[in-house]
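Dumped final32.cif below, it's mmCIF, C-alpha atoms:
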```
data_coords
loop_
_atom_site.label_atom_id
_atom_site.label_comp_id
_atom_site.auth_asym_id
_atom_site.auth_seq_id
_atom_site.Cartn_x
_atom_site.Cartn_y
_atom_site.Cartn_z
CA MET I 8 -31.16 -0.74 31.48
CA ARG I 9 -29.52 -4.09 32.13
CA SER I 10 -26.96 -2.33 34.31
CA LYS I 11 -29.89 -1.43 36.58
CA ASP I 12 -28.71 2.11 37.20
CA GLU I 13 -30.73 5.30 37.46
CA ARG I 14 -29.86 6.36 33.94
CA GLY I 15 -31.32 3.09 32.60
CA LEU I 16 -34.51 3.67 34.56
CA ASN I 17 -34.79 7.19 33.16
CA VAL I 18 -34.39 5.82 29.64
CA LEU I 19 -37.04 3.17 30.26
CA TYR I 20 -39.50 5.68 31.63
CA ASP I 21 -38.89 8.60 29.28
CA GLN I 22 -38.76 6.51 26.12
CA TYR I 23 -41.46 3.96 26.75
CA ALA I 24 -43.80 4.96 29.59
CA PRO I 25 -46.11 7.18 27.48
CA ALA I 26 -46.60 4.52 24.79
CA LEU I 27 -47.23 1.83 27.40
CA MET I 28 -49.56 4.13 29.31
CA GLY I 29 -51.56 4.63 26.12
CA GLN I 30 -51.99 0.89 25.81
CA ILE I 31 -52.92 0.37 29.45
CA VAL I 32 -55.39 3.23 29.67
CA ASN I 33 -57.19 1.95 26.59
CA VAL I 34 -57.57 -1.45 28.22
CA VAL I 35 -58.56 -0.41 31.74
CA GLY I 36 -60.38 2.78 30.73
CA ASP I 37 -59.39 4.74 33.84
CA ARG I 38 -56.41 7.01 34.05
CA MET I 39 -55.61 6.61 37.75
CA VAL I 40 -55.93 2.82 37.58
CA ALA I 41 -53.84 2.88 34.42
CA GLU I 42 -51.08 4.74 36.24
CA GLU I 43 -51.07 2.10 38.98
CA VAL I 44 -50.85 -0.62 36.36
CA LEU I 45 -48.12 1.29 34.52
CA GLN I 46 -46.02 1.46 37.65
CA GLU I 47 -46.49 -2.26 38.31
CA CYS I 48 -45.61 -3.15 34.77
CA LEU I 49 -42.52 -0.90 34.72
CA LEU I 50 -41.35 -2.68 37.87
CA LYS I 51 -41.94 -6.04 36.17
CA ILE I 52 -39.97 -4.86 33.13
CA TRP I 53 -37.17 -3.50 35.32
CA ASN I 54 -36.89 -6.66 37.39
CA GLY I 55 -37.30 -9.00 34.42
CA ILE I 56 -35.08 -7.23 31.88
CA ASP I 57 -32.58 -10.09 32.03
CA SER I 58 -35.22 -12.46 30.69
CA TYR I 59 -35.73 -10.36 27.57
CA ASP I 60 -34.45 -12.25 24.52
CA GLU I 61 -33.72 -9.86 21.66
CA LYS I 62 -33.61 -12.79 19.23
CA LYS I 63 -37.30 -13.40 19.69
CA ALA I 64 -38.85 -9.93 19.55
CA GLY I 65 -38.14 -6.23 19.69
CA LEU I 66 -37.78 -4.62 23.11
CA PHE I 67 -40.98 -2.63 22.82
CA ALA I 68 -42.97 -5.67 21.70
CA TRP I 69 -41.76 -7.49 24.80
CA MET I 70 -42.64 -4.57 27.06
CA ASN I 71 -45.98 -4.18 25.34
CA ARG I 72 -46.95 -7.77 26.10
CA ILE I 73 -46.16 -7.23 29.77
CA ALA I 74 -48.16 -4.01 29.83
CA ARG I 75 -51.13 -5.46 28.02
CA ASN I 76 -51.20 -8.60 30.16
CA ALA I 77 -50.96 -6.49 33.32
CA ALA I 78 -53.79 -4.28 32.10
CA ILE I 79 -55.98 -7.25 31.12
CA ASP I 80 -55.30 -8.91 34.49
CA LYS I 81 -56.38 -5.73 36.22
CA GLY I 82 -59.50 -5.61 34.08
CA ARG I 83 -60.41 -9.12 35.19
CA LEU I 84 -60.33 -8.24 38.88
CA LYS I 85 -63.80 -8.17 40.31
CA SER I 86 -63.07 -5.05 42.29
CA PHE I 87 -62.08 -3.31 39.12
CA GLN I 88 -65.13 -4.61 37.28
CA ARG I 89 -67.31 -3.13 40.00
CA HIS I 90 -65.47 0.14 39.63
CA GLN I 91 -65.89 -0.13 35.90
CA LYS I 92 -69.66 -0.33 36.17
CA THR I 93 -69.75 3.17 37.60
CA GLU I 94 -67.78 4.61 34.68
CA GLN I 95 -69.00 3.44 31.32
CA LEU I 96 -65.93 2.49 29.32
CA THR I 97 -66.00 4.13 25.97
CA PRO I 98 -63.41 3.17 23.38
CA TYR I 99 -61.23 6.00 22.08
CA VAL I 100 -61.63 7.98 25.27
CA TYR I 101 -58.12 9.33 24.76
CA LYS I 102 -57.93 11.31 21.59
CA ILE I 103 -54.51 12.14 20.20
CA GLU I 104 -55.08 15.89 20.37
CA ASP I 105 -55.90 15.67 24.10
CA ARG I 106 -52.68 13.98 25.09
CA GLY I 107 -49.98 16.55 24.61
CA ILE I 108 -47.21 14.00 24.38
CA SER I 109 -44.09 13.56 22.34
CA THR I 110 -44.45 11.07 19.56
CA SER I 111 -40.74 10.86 18.85
CA GLY I 112 -40.93 12.80 15.62
CA ILE I 113 -43.63 10.58 14.11
CA ASP I 114 -46.01 12.34 11.78
CA VAL I 115 -49.23 11.55 13.64
CA ASP I 116 -51.56 12.89 10.96
CA ARG I 117 -49.89 10.96 8.18
CA ILE I 118 -49.95 7.68 10.12
CA THR I 119 -53.59 7.94 11.13
CA LYS I 120 -54.86 9.46 7.87
CA ASN I 121 -53.23 6.76 5.76
CA LEU I 122 -55.07 4.16 7.78
CA ASP I 123 -58.57 3.39 6.60
CA ASP I 124 -61.14 3.50 9.43
CA LYS I 125 -62.07 -0.13 9.04
CA TYR I 126 -58.41 -1.09 9.55
CA LYS I 127 -58.00 1.39 12.35
CA ASP I 128 -60.98 -0.11 14.21
CA VAL I 129 -59.46 -3.57 14.11
CA LEU I 130 -56.03 -2.30 15.11
CA ASP I 131 -57.44 -0.29 18.02
CA HIS I 132 -59.41 -3.28 19.34
CA VAL I 133 -56.69 -5.87 18.92
CA TYR I 134 -53.67 -3.76 19.75
CA LEU I 135 -54.71 -0.89 21.94
CA MET I 136 -57.68 -2.35 23.77
CA GLY I 137 -56.32 -5.86 24.16
CA TYR I 138 -59.23 -7.66 22.51
CA THR I 139 -58.69 -11.10 21.04
CA GLN I 140 -59.45 -11.47 17.35
CA LYS I 141 -62.65 -13.32 18.24
CA GLU I 142 -63.72 -10.56 20.64
CA THR I 143 -62.92 -8.00 17.99
CA ALA I 144 -65.07 -9.86 15.43
CA GLU I 145 -67.96 -9.85 17.88
CA ALA I 146 -67.48 -6.22 18.88
CA LEU I 147 -67.30 -5.00 15.31
CA ASP I 148 -69.78 -7.57 14.06
CA ILE I 149 -67.55 -8.83 11.27
CA PRO I 150 -66.30 -12.35 10.47
CA LEU I 151 -63.14 -13.58 12.21
CA GLY I 152 -61.41 -14.01 8.83
CA THR I 153 -62.06 -10.35 8.06
CA VAL I 154 -60.48 -9.33 11.36
CA LYS I 155 -57.36 -11.31 10.44
CA THR I 156 -57.21 -9.82 6.95
CA ARG I 157 -57.77 -6.26 8.16
CA LEU I 158 -55.18 -6.64 10.89
CA ARG I 159 -52.58 -7.69 8.32
CA SER I 160 -53.60 -4.87 5.97
CA ALA I 161 -53.40 -2.34 8.84
CA VAL I 162 -49.88 -3.46 9.77
CA SER I 163 -48.86 -3.42 6.11
CA THR I 164 -50.16 0.16 5.72
CA LEU I 165 -48.30 1.25 8.85
CA ARG I 166 -45.08 -0.27 7.55
CA GLU I 167 -45.49 1.45 4.22
CA THR I 168 -46.15 4.79 5.91
CA LEU I 169 -43.09 4.41 8.13
CA LYS I 170 -40.97 3.53 5.10
CA ASN I 171 -42.13 6.69 3.34
CA GLU I 172 -41.45 8.67 6.51
CA LYS I 173 -37.92 7.31 6.55
CA ASN I 174 -37.43 8.16 2.87
CA LEU I 175 -38.74 11.66 3.49
CA LEU I 176 -36.32 12.07 6.39
CA TYR I 177 -33.37 10.87 4.28
CA GLY I 178 -34.42 13.19 1.48
CA PHE I 179 -34.60 16.12 3.88
CA ILE I 180 -31.15 15.30 5.29
CA ALA I 181 -29.70 14.99 1.77
CA ILE I 182 -31.17 18.34 0.67
CA SER I 183 -29.93 20.01 3.87
CA LEU I 184 -26.43 18.67 3.31
CA LEU I 185 -26.53 19.82 -0.30
CA LEU I 186 -27.57 23.31 0.77
CA ILE I 187 -24.81 23.46 3.39
CA ILE I 188 -22.22 22.39 0.79
CA LEU I 189 -23.52 25.01 -1.66
CA LEU I 190 -23.38 27.71 1.04
CA LEU I 191 -19.83 26.75 1.96
CA TRP I 192 -18.85 26.66 -1.73
CA THR I 193 -20.09 30.18 -2.36
CA MET T 10 -44.97 -24.52 7.13
CA ASP T 11 -42.28 -22.68 5.13
CA VAL T 12 -41.16 -19.07 5.52
CA ASN T 13 -43.50 -17.66 2.86
CA GLU T 14 -46.49 -19.50 4.33
CA ILE T 15 -45.65 -18.09 7.76
CA LYS T 16 -45.36 -14.59 6.29
CA SER T 17 -48.72 -14.74 4.57
CA SER T 18 -50.55 -16.57 7.36
CA GLY T 19 -50.78 -13.59 9.72
CA LEU T 20 -48.94 -15.55 12.39
CA LEU T 21 -46.12 -12.99 12.61
CA GLU T 22 -48.45 -10.12 13.56
CA LEU T 23 -49.99 -12.25 16.28
CA TYR T 24 -46.55 -13.43 17.37
CA VAL T 25 -45.42 -9.84 17.90
CA LEU T 26 -48.65 -9.18 19.81
CA GLY T 27 -48.00 -12.28 21.94
CA ARG T 28 -51.34 -13.78 20.94
CA LEU T 29 -50.19 -17.11 19.53
CA ASP T 30 -50.75 -20.42 21.27
CA PRO T 31 -47.61 -22.33 22.32
CA ALA T 32 -47.61 -24.59 19.24
CA ASP T 33 -47.75 -21.71 16.75
CA THR T 34 -45.24 -19.75 18.84
CA LYS T 35 -42.82 -22.66 18.54
CA THR T 36 -43.41 -22.87 14.78
CA VAL T 37 -42.58 -19.17 14.38
CA GLU T 38 -39.59 -19.22 16.71
CA ASP T 39 -38.11 -22.28 14.99
CA ALA T 40 -38.46 -20.50 11.65
CA LEU T 41 -36.94 -17.31 13.06
CA VAL T 42 -33.78 -19.17 14.03
CA SER T 43 -33.10 -20.19 10.44
CA SER T 44 -34.47 -17.25 8.45
CA ALA T 45 -32.92 -13.78 8.54
CA ALA T 46 -35.70 -12.51 6.25
CA LEU T 47 -38.30 -13.63 8.76
CA ARG T 48 -36.42 -11.93 11.60
CA GLU T 49 -36.36 -8.71 9.59
CA GLU T 50 -40.09 -9.11 8.94
CA VAL T 51 -40.76 -9.47 12.67
CA GLN T 52 -38.64 -6.39 13.40
CA GLU T 53 -40.61 -4.33 10.87
CA ILE T 54 -43.93 -5.47 12.27
CA SER T 55 -42.68 -4.62 15.77
CA ARG T 56 -41.67 -1.15 14.61
CA ALA T 57 -45.08 -0.64 12.98
CA PHE T 58 -46.92 -1.56 16.20
CA GLU T 59 -44.52 0.54 18.25
CA SER T 60 -45.09 3.61 16.12
CA TYR T 61 -48.86 3.13 16.46
CA ALA T 62 -48.50 2.82 20.22
CA ARG T 63 -46.38 5.99 20.35
CA VAL T 64 -48.98 7.85 18.33
CA HIS T 65 -51.55 6.77 20.90
CA GLY T 66 -49.29 7.36 23.85
CA VAL T 67 -50.52 9.10 26.99
CA MET T 68 -48.22 11.06 29.27
CA PRO T 69 -48.56 9.66 32.79
CA ASN T 70 -48.65 11.84 35.87
CA PRO T 71 -45.04 12.82 36.81
CA GLN T 72 -45.69 11.36 40.27
CA VAL T 73 -45.58 7.90 38.66
CA LYS T 74 -41.94 8.39 37.81
CA ALA T 75 -41.11 9.87 41.20
CA ASP T 76 -42.78 6.92 42.97
CA LEU T 77 -41.00 4.45 40.72
CA LEU T 78 -37.60 6.01 41.40
CA LYS T 79 -38.33 5.99 45.10
CA LYS T 80 -39.45 2.35 45.08
CA LEU T 81 -36.25 1.33 43.32
CA GLY T 82 -34.12 3.34 45.72
CA PHE T 83 -32.97 6.04 43.32
CA ASN T 84 -32.73 9.71 44.12
CA SER T 85 -35.30 11.41 41.88
CA SER T 86 -33.27 14.64 41.77
CA GLY T 87 -30.74 12.95 39.53
CA PRO T 88 -27.62 10.90 39.89
CA LYS T 89 -26.03 11.07 43.30
CA PRO T 90 -22.98 13.31 43.48
CA ALA T 91 -19.69 11.46 43.62
CA LYS T 92 -18.92 13.05 46.99
CA GLY T 93 -21.50 10.99 48.78
CA SER T 94 -21.14 7.85 46.76
CA GLY T 95 -18.84 6.03 49.17
CA PRO T 96 -17.45 6.04 52.67
CA SER T 97 -14.88 8.68 53.61
CA TRP T 98 -12.11 6.13 54.13
CA LEU T 99 -12.58 5.06 50.51
CA SER T 100 -12.14 8.65 49.35
CA GLY T 101 -9.01 8.88 51.51
CA LEU T 102 -7.69 5.63 50.07
CA LEU T 103 -8.34 6.89 46.55
CA GLY T 104 -6.54 10.15 47.42
CA VAL T 105 -3.51 8.25 48.73
CA ALA T 106 -3.53 6.04 45.65
CA ALA T 107 -3.66 9.10 43.41
CA LEU T 108 -0.78 10.71 45.34
CA ALA T 109 1.26 7.49 45.11
CA LEU T 110 0.56 7.33 41.42
CA ALA T 111 1.64 10.95 40.97
CA ILE T 112 4.89 10.34 42.92
CA GLY T 113 5.51 7.18 40.92
CA LEU T 114 5.02 9.02 37.67
CA TRP T 115 7.34 11.85 38.84
CA TRP T 116 10.04 9.34 39.87
CA GLN T 117 9.71 7.47 36.60
CA ASN T 118 9.94 10.73 34.69
CA SER T 119 13.03 11.68 36.66
CA GLN T 120 14.65 8.31 35.89
CA MET T 121 13.79 8.71 32.25
CA ASN T 122 15.41 12.17 32.21
CA ASP T 123 18.62 10.76 33.79
CA LEU T 124 18.68 7.98 31.24
CA ARG T 125 18.07 10.47 28.45
CA GLU T 126 20.95 12.68 29.63
CA ALA T 127 23.29 9.70 29.93
CA ARG T 128 22.31 8.61 26.47
CA GLU T 129 23.02 12.10 25.11
CA ARG T 130 26.46 12.10 26.79
CA ASP T 131 27.23 8.68 25.32
CA GLN T 132 26.05 9.89 21.96
CA ILE T 133 28.41 12.89 22.09
CA ALA T 134 31.31 10.62 23.11
CA CYS T 135 30.50 8.20 20.30
CA ASP T 136 30.29 11.05 17.81
CA SER T 137 33.67 12.33 18.98
CA LEU T 138 35.26 8.90 18.69
CA LEU T 139 33.71 8.45 15.31
CA SER T 140 35.05 11.80 14.21
CA VAL T 141 38.58 10.89 15.35
CA ALA T 142 38.29 7.50 13.70
CA ASN T 143 37.11 9.13 10.49
CA ALA T 144 40.01 11.60 10.62
CA ASP T 145 42.44 8.73 11.18
CA LEU T 146 40.85 6.86 8.34
CA ASP T 147 41.16 9.88 6.07
CA ALA T 148 44.81 10.29 7.08
CA SER T 149 45.46 6.60 6.49
CA GLN T 150 43.76 6.76 3.13
CA ASN T 151 45.89 9.81 2.23
CA GLN T 152 49.03 8.01 3.30
CA ILE T 153 48.03 4.99 1.27
CA ALA T 154 47.40 7.25 -1.71
CA VAL T 155 50.83 8.89 -1.22
CA LEU T 156 52.51 5.54 -0.82
CA ASN T 157 50.83 4.37 -3.98
CA GLN T 158 52.22 7.42 -5.71
CA ILE T 159 55.71 6.80 -4.34
CA ASN T 160 55.57 3.19 -5.45
CA ASN T 161 54.51 4.23 -8.91
CA PRO T 162 56.86 2.44 -11.35
CA ASN T 163 57.20 5.64 -13.41
CA ASN T 164 58.81 7.47 -10.48
CA GLU T 165 62.40 8.57 -10.67
CA ILE T 166 63.89 8.47 -7.20
CA VAL T 167 66.67 11.02 -6.85
CA PRO T 168 68.80 11.20 -3.67
CA VAL T 169 69.69 14.65 -2.39
CA SER T 170 73.14 16.08 -2.91
CA ALA T 171 73.70 17.67 0.49
CA THR T 172 75.87 20.78 0.69
CA ASP T 173 78.99 20.88 2.83
CA ARG T 174 77.35 23.24 5.27
CA PHE T 175 74.42 20.86 5.87
CA PRO T 176 75.86 17.37 5.44
CA GLU T 177 73.23 15.82 7.67
CA THR T 178 70.59 16.47 5.02
CA ASP T 179 69.18 13.13 3.88
CA LEU T 180 66.28 13.30 1.39
CA PHE T 181 64.91 11.50 -1.65
CA PHE T 182 63.08 13.27 -4.44
CA HIS T 183 60.35 11.21 -6.17
CA HIS T 184 59.83 12.69 -9.58
CA ASN T 185 57.18 11.38 -11.98
CA PRO T 186 57.11 13.07 -15.42
CA VAL T 187 54.21 10.84 -16.55
CA ASN T 188 51.60 11.97 -14.04
CA GLN T 189 53.56 15.17 -13.28
CA ARG T 190 53.71 14.73 -9.54
CA ASN T 191 56.61 15.21 -7.11
CA PHE T 192 57.23 14.10 -3.54
CA ILE T 193 60.03 14.73 -1.10
CA GLN T 194 60.84 11.78 1.15
CA VAL T 195 62.33 13.10 4.39
CA ARG T 196 64.92 11.00 6.15
CA ASN T 197 66.74 13.81 7.91
CA LEU T 198 66.71 17.61 7.75
CA PRO T 199 68.95 20.19 9.43
CA PRO T 200 67.27 21.95 12.34
CA ILE T 201 65.54 25.28 11.74
CA SER T 202 64.33 27.99 14.11
CA ALA T 203 60.64 28.84 14.69
CA ASP T 204 60.76 31.72 12.19
CA GLN T 205 62.27 29.64 9.38
CA SER T 206 61.02 27.20 6.73
CA TYR T 207 62.44 24.97 4.04
CA GLN T 208 61.73 26.14 0.50
CA LEU T 209 61.94 24.25 -2.77
CA TRP T 210 63.22 25.93 -5.92
CA SER T 211 63.08 25.02 -9.59
CA LEU T 212 66.18 25.70 -11.62
CA LYS T 213 65.95 25.81 -15.41
CA GLY T 214 69.13 26.58 -17.40
CA ASN T 215 70.02 30.24 -17.08
CA GLN T 216 66.64 31.33 -15.67
CA ALA T 217 66.32 32.77 -12.21
CA PRO T 218 65.32 30.20 -9.60
CA ILE T 219 61.54 29.73 -9.46
CA PRO T 220 60.18 29.81 -5.87
CA MET T 221 58.10 26.76 -5.07
CA ASP T 222 56.73 24.98 -1.98
CA VAL T 223 57.49 26.23 1.54
CA PHE T 224 57.33 23.60 4.28
CA ARG T 225 58.49 22.80 7.83
CA ALA T 226 57.77 19.09 8.38
CA ASP T 227 57.05 19.84 12.05
CA ASP T 228 54.25 17.32 12.13
CA GLY T 229 56.68 14.50 11.42
CA SER T 230 55.59 14.06 7.85
CA LEU T 231 57.93 11.75 6.04
CA ILE T 232 56.46 12.20 2.59
CA ILE T 233 55.72 15.74 1.43
CA PRO T 234 53.91 16.31 -1.88
CA VAL T 235 55.39 19.26 -3.83
CA ARG T 236 54.61 21.03 -7.09
CA PHE T 237 55.73 19.70 -10.47
CA GLU T 238 57.46 22.27 -12.66
CA ALA T 239 57.98 21.17 -16.25
CA ASN T 240 61.45 21.33 -17.79
CA THR T 241 63.16 21.67 -14.43
CA ASN T 242 66.79 20.59 -14.56
CA THR T 243 67.43 20.74 -10.87
CA TYR T 244 65.35 21.20 -7.75
CA ALA T 245 67.05 22.90 -4.79
CA ILE T 246 66.12 23.30 -1.13
CA THR T 247 67.08 26.23 1.01
CA ILE T 248 66.30 27.45 4.50
CA GLU T 249 64.32 30.70 4.29
CA GLN T 250 62.25 32.94 6.45
CA LEU T 251 58.94 31.43 7.65
CA GLN T 252 56.75 32.58 4.73
CA GLY T 253 59.35 31.75 2.11
CA ALA T 254 61.21 34.08 -0.26
CA GLN T 255 61.17 35.13 -3.92
CA ALA T 256 64.90 34.59 -4.31
CA PRO T 257 66.94 31.87 -2.62
CA ASN T 258 69.41 32.54 0.18
CA LEU T 259 72.27 30.50 -1.22
CA GLU T 260 74.13 30.52 2.08
CA ASN T 261 71.36 28.37 3.42
CA LEU T 262 71.24 25.91 0.49
CA ILE T 263 70.96 22.48 2.09
CA GLY T 264 70.91 20.27 -1.06
CA THR T 265 69.90 19.75 -4.68
CA PHE T 266 68.21 17.06 -6.84
CA SER T 267 69.37 16.73 -10.39
CA ILE T 268 66.63 15.58 -12.76
CA SER T 269 67.76 13.60 -15.77
#
```

Any chance you could put this one into C-alpha cells?
Amino acid sequence: MRSKDERGLNVLYDQYAPALMGQIVNVVGDRMVAEEVLQECLLKIWNGIDSYDEKKAGLFAWMNRIARNAAIDKGRLKSFQRHQKTEQLTPYVYKIEDRGISTSGIDVDRITKNLDDKYKDVLDHVYLMGYTQKETAEALDIPLGTVKTRLRSAVSTLRETLKNEKNLLYGFIAISLLLIILLLWT
Amino acid sequence: MDVNEIKSSGLLELYVLGRLDPADTKTVEDALVSSAALREEVQEISRAFESYARVHGVMPNPQVKADLLKKLGFNSSGPKPAKGSGPSWLSGLLGVAALALAIGLWWQNSQMNDLREARERDQIACDSLLSVANADLDASQNQIAVLNQINNPNNEIVPVSATDRFPETDLFFHHNPVNQRNFIQVRNLPPISADQSYQLWSLKGNQAPIPMDVFRADDGSLIIPVRFEANTNTYAITIEQLQGAQAPNLENLIGTFSIS
C-alpha cells in the first residue's frame, strides 16, 4: 500500500472496505451515505498511509479511527441530520445474515454466541455505532462504570474466542497433516 | 501508572478505539515504548475489535471501488499491460540494451571458450613434459640404483679376456656372489649386424654351456644387468643370431670372464 500502486489499492479495498463499511453504515444509518463516506475515508487512508505508525496501533485500528471519525463528522452535518429525520435510524439495521460478505474465515456464530447480549450491546454502541461511553450509558440506561466494565469483558471474551479459534485451526491442521502422513505411509 | 494498572484500567481498549484524551494517550504511548507485554496486549485488543468489525462487515456497492480506482487514476480492469507502460523510444532503448547485453554475453562466452581451449592445450603440454620428466627421473633413479650396485664393495670386477678375433672387445664383469647379481660394464664391443646379438653363457666344469642373456646395447647402455648363475666358473660372450641360440657359436666368441 505504501508503494501507492494499484495492487496496494486492491488489497486495501478487498481486505478492509467491508469491515469499514460495516462501521460507517452503523454510524450514519444510510447505505448510500455510508458508501460516500467509505470512499472519502479510503482516500484519506490512501493519501495518509505514510503517517501510519505501526508502533502505536494495528493497521486496522488506525483505519477504523479514520472511518469512525469520518462517519461521525458526516452525522454531525446539518444536512445529514435533516436527511436523518426522514429515515428513523434504528440500531442493528444490518443483520449479519443480510450482508452476504466474507468474514475471512471467522466463525461468526461462535463469536456472536459467546458474547452475552449485555456485552454485545455495549460493544455495538461504543465500537460499531461510535457512541462515547457516556452516550452509551445514557442510551442503555446503565451507569458509566458498568459500560467500562462491560466493554472490557466484551473485549476479553472476544480475545478468548479468537484464541480458541486459533487453537481449533492448529488442531485441524495437525490432524490433517497426520492423516496425510498416515496415507502416504500406507 | 505502571503496566499492570494500565492493563486493568480499561485505557488500552479506549486507546485502540482512539477515545482517549491527549494526556491518557501520552501515558499509554509512553508505556508502550518500554513494555513489550503492553504492545502485545494492544495488538490482541486490536485483533479482537477487528474480528468483530469483520463479523459486522457490509459489502459496499462495487461502484465504490470502480469510482475509487478512477479517482486515483488506476485502470479498473487491472494492471496496465507492459506494452503501454512507457513511450515507444523507451521500449526501443530497452530492446537495444537487451541486444547489446546478448552480444556482450556471446562475446564473453567466446573469449571464455578460447581461454578454456588454450588452457587445455597448456595442460596437455604440461602433462607431456611431466611425463618425460618422470621417465627421465625413473631412468636416473635406475642408473643410480645400478651404480650403487656396481659400487657395492662385495663386487668382484673381472676384466674381459678378449679373443684374438675380436681384440677390440673391452668389458668388465661385475660379479657379486653375496647378493647374487651380475652386471656387464661396456667399454667397447665389436660391431654386429642388424640380425645379430651378443649372448652371455655360463660355463661350469664339463657341463654344456648354459645360454643366458641376449643383448645388443644399441641404446648406448654402458651397464647391462645380467643373470646370476650359481657355481659358474667362467662367463663367455658370443655373437649369435638376433634371438640368441641354445649352443654357442665358438667362432664368434668375443671374450670370457673367469670367476674365482

Notebook entry, point to check: Which chain T residues are at most 10 Å from chain I (counting all atoms listed in the file), as a PyMOL selection string?
Noted result: chain T and resi 17-28+37-38+41-42+48+51-70+72-74+76-78+80-85+87-89

Checklist line | Computed interatomic separation between atom CA of T:Ile268 and atom CA of T:Asn240 (Å) | finding: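 Value for the atom CA of T:Ile268-atom CA of T:Asn240 distance: 9.2 Å.
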
Next item on the list: Please measure the separation of atom CA of T:Ile153 and atom CA of T:Phe224, giving the value in Å to one decimal.
Entry: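 Atom-to-atom, atom CA of T:Ile153 and atom CA of T:Phe224 are spaced 21.0 Å apart.
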
Notebook entry, point to check: Please, what distance in Å, to one decimal, runs between atom CA of T:Arg190 and atom CA of T:Gln158?
Noted result: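 Going from atom CA of T:Arg190 over to atom CA of T:Gln158 covers 8.4 Å.
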
Checklist line | Result set, the PyMOL selection byres ((chain T and resi 202) around 10) on current file, as a ChimeraX atom specification | finding: /T:200-201,203-206,248,250-251

Keeping only C-alpha atoms, write the selected residues as a PDB file, in the coordinates of the input.
```pdb
ATOM      1  CA  PRO T 200      67.270  21.950  12.340  1.00  0.00           C
ATOM      2  CA  ILE T 201      65.540  25.280  11.740  1.00  0.00           C
ATOM      3  CA  ALA T 203      60.640  28.840  14.690  1.00  0.00           C
ATOM      4  CA  ASP T 204      60.760  31.720  12.190  1.00  0.00           C
ATOM      5  CA  GLN T 205      62.270  29.640   9.380  1.00  0.00           C
ATOM      6  CA  SER T 206      61.020  27.200   6.730  1.00  0.00           C
ATOM      7  CA  ILE T 248      66.300  27.450   4.500  1.00  0.00           C
ATOM      8  CA  GLN T 250      62.250  32.940   6.450  1.00  0.00           C
ATOM      9  CA  LEU T 251      58.940  31.430   7.650  1.00  0.00           C
TER      10      LEU T 251
END
```

Please provide the set of residues having any atom within 10 Å of T:Glu177, restricted to all atoms listed in the file, with same-chain residues fewer than 6 positions apart removed, written as a tab-separated table (two decimals) with C-alpha atoms, in the frame of the given file.
```tsv
chain	number	residue	atom	x	y	z
T	171	ALA	CA	73.70	17.67	0.49
T	196	ARG	CA	64.92	11.00	6.15
T	197	ASN	CA	66.74	13.81	7.91
T	198	LEU	CA	66.71	17.61	7.75
T	199	PRO	CA	68.95	20.19	9.43
T	200	PRO	CA	67.27	21.95	12.34
T	263	ILE	CA	70.96	22.48	2.09
```

Item checked: Residue among T:Arg174, T:Gln252, T:His184, T:Phe266 lying closest to T:Val235, counting only C-alpha atoms -> T:His184

4 Å per side around stretch 49-54 of chain T: axis-aligned box centre and edge lengths, as AutoDock Vina command-line options:
```
--center_x -40.1 --center_y -6.9 --center_z 11.2 --size_x 15.6 --size_y 13.1 --size_z 12.5
```

Extract stretch 13-25 of chain I from the coordinates I pasted, and write it as an mmCIF file, in the first residue's frame (atoms kept: N, CA and C atoms).
```cif
data_model
loop_
_atom_site.group_PDB
_atom_site.id
_atom_site.type_symbol
_atom_site.label_atom_id
_atom_site.label_comp_id
_atom_site.auth_asym_id
_atom_site.auth_seq_id
_atom_site.Cartn_x
_atom_site.Cartn_y
_atom_site.Cartn_z
ATOM 1 N N GLU I 13 -1.537 0.044 -7.870
ATOM 2 C CA GLU I 13 -2.912 -0.447 -7.982
ATOM 3 C C GLU I 13 -3.126 -1.706 -7.137
ATOM 4 N N ARG I 14 -2.077 -2.514 -7.059
ATOM 5 C CA ARG I 14 -2.200 -3.739 -6.270
ATOM 6 C C ARG I 14 -2.466 -3.403 -4.794
ATOM 7 N N GLY I 15 -1.751 -2.370 -4.302
ATOM 8 C CA GLY I 15 -1.934 -1.932 -2.915
ATOM 9 C C GLY I 15 -3.356 -1.447 -2.683
ATOM 10 N N LEU I 16 -3.889 -0.725 -3.669
ATOM 11 C CA LEU I 16 -5.258 -0.216 -3.530
ATOM 12 C C LEU I 16 -6.256 -1.375 -3.517
ATOM 13 N N ASN I 17 -5.999 -2.368 -4.347
ATOM 14 C CA ASN I 17 -6.877 -3.550 -4.353
ATOM 15 C C ASN I 17 -6.850 -4.264 -3.011
ATOM 16 N N VAL I 18 -5.657 -4.368 -2.426
ATOM 17 C CA VAL I 18 -5.536 -5.006 -1.110
ATOM 18 C C VAL I 18 -6.319 -4.209 -0.072
ATOM 19 N N LEU I 19 -6.115 -2.896 -0.090
ATOM 20 C CA LEU I 19 -6.825 -2.031 0.872
ATOM 21 C C LEU I 19 -8.332 -2.228 0.748
ATOM 22 N N TYR I 20 -8.813 -2.196 -0.460
ATOM 23 C CA TYR I 20 -10.263 -2.264 -0.654
ATOM 24 C C TYR I 20 -10.802 -3.663 -0.318
ATOM 25 N N ASP I 21 -10.182 -4.672 -0.911
ATOM 26 C CA ASP I 21 -10.727 -6.033 -0.756
ATOM 27 C C ASP I 21 -10.630 -6.527 0.685
ATOM 28 N N GLN I 22 -9.550 -6.154 1.358
ATOM 29 C CA GLN I 22 -9.342 -6.669 2.715
ATOM 30 C C GLN I 22 -10.108 -5.873 3.777
ATOM 31 N N TYR I 23 -10.233 -4.569 3.562
ATOM 32 C CA TYR I 23 -10.722 -3.748 4.664
ATOM 33 C C TYR I 23 -12.036 -2.992 4.402
ATOM 34 N N ALA I 24 -12.377 -2.797 3.128
ATOM 35 C CA ALA I 24 -13.564 -1.971 2.842
ATOM 36 C C ALA I 24 -14.843 -2.524 3.488
ATOM 37 N N PRO I 25 -15.109 -3.850 3.404
ATOM 38 C CA PRO I 25 -16.362 -4.330 4.014
ATOM 39 C C PRO I 25 -16.429 -4.072 5.525
#
```
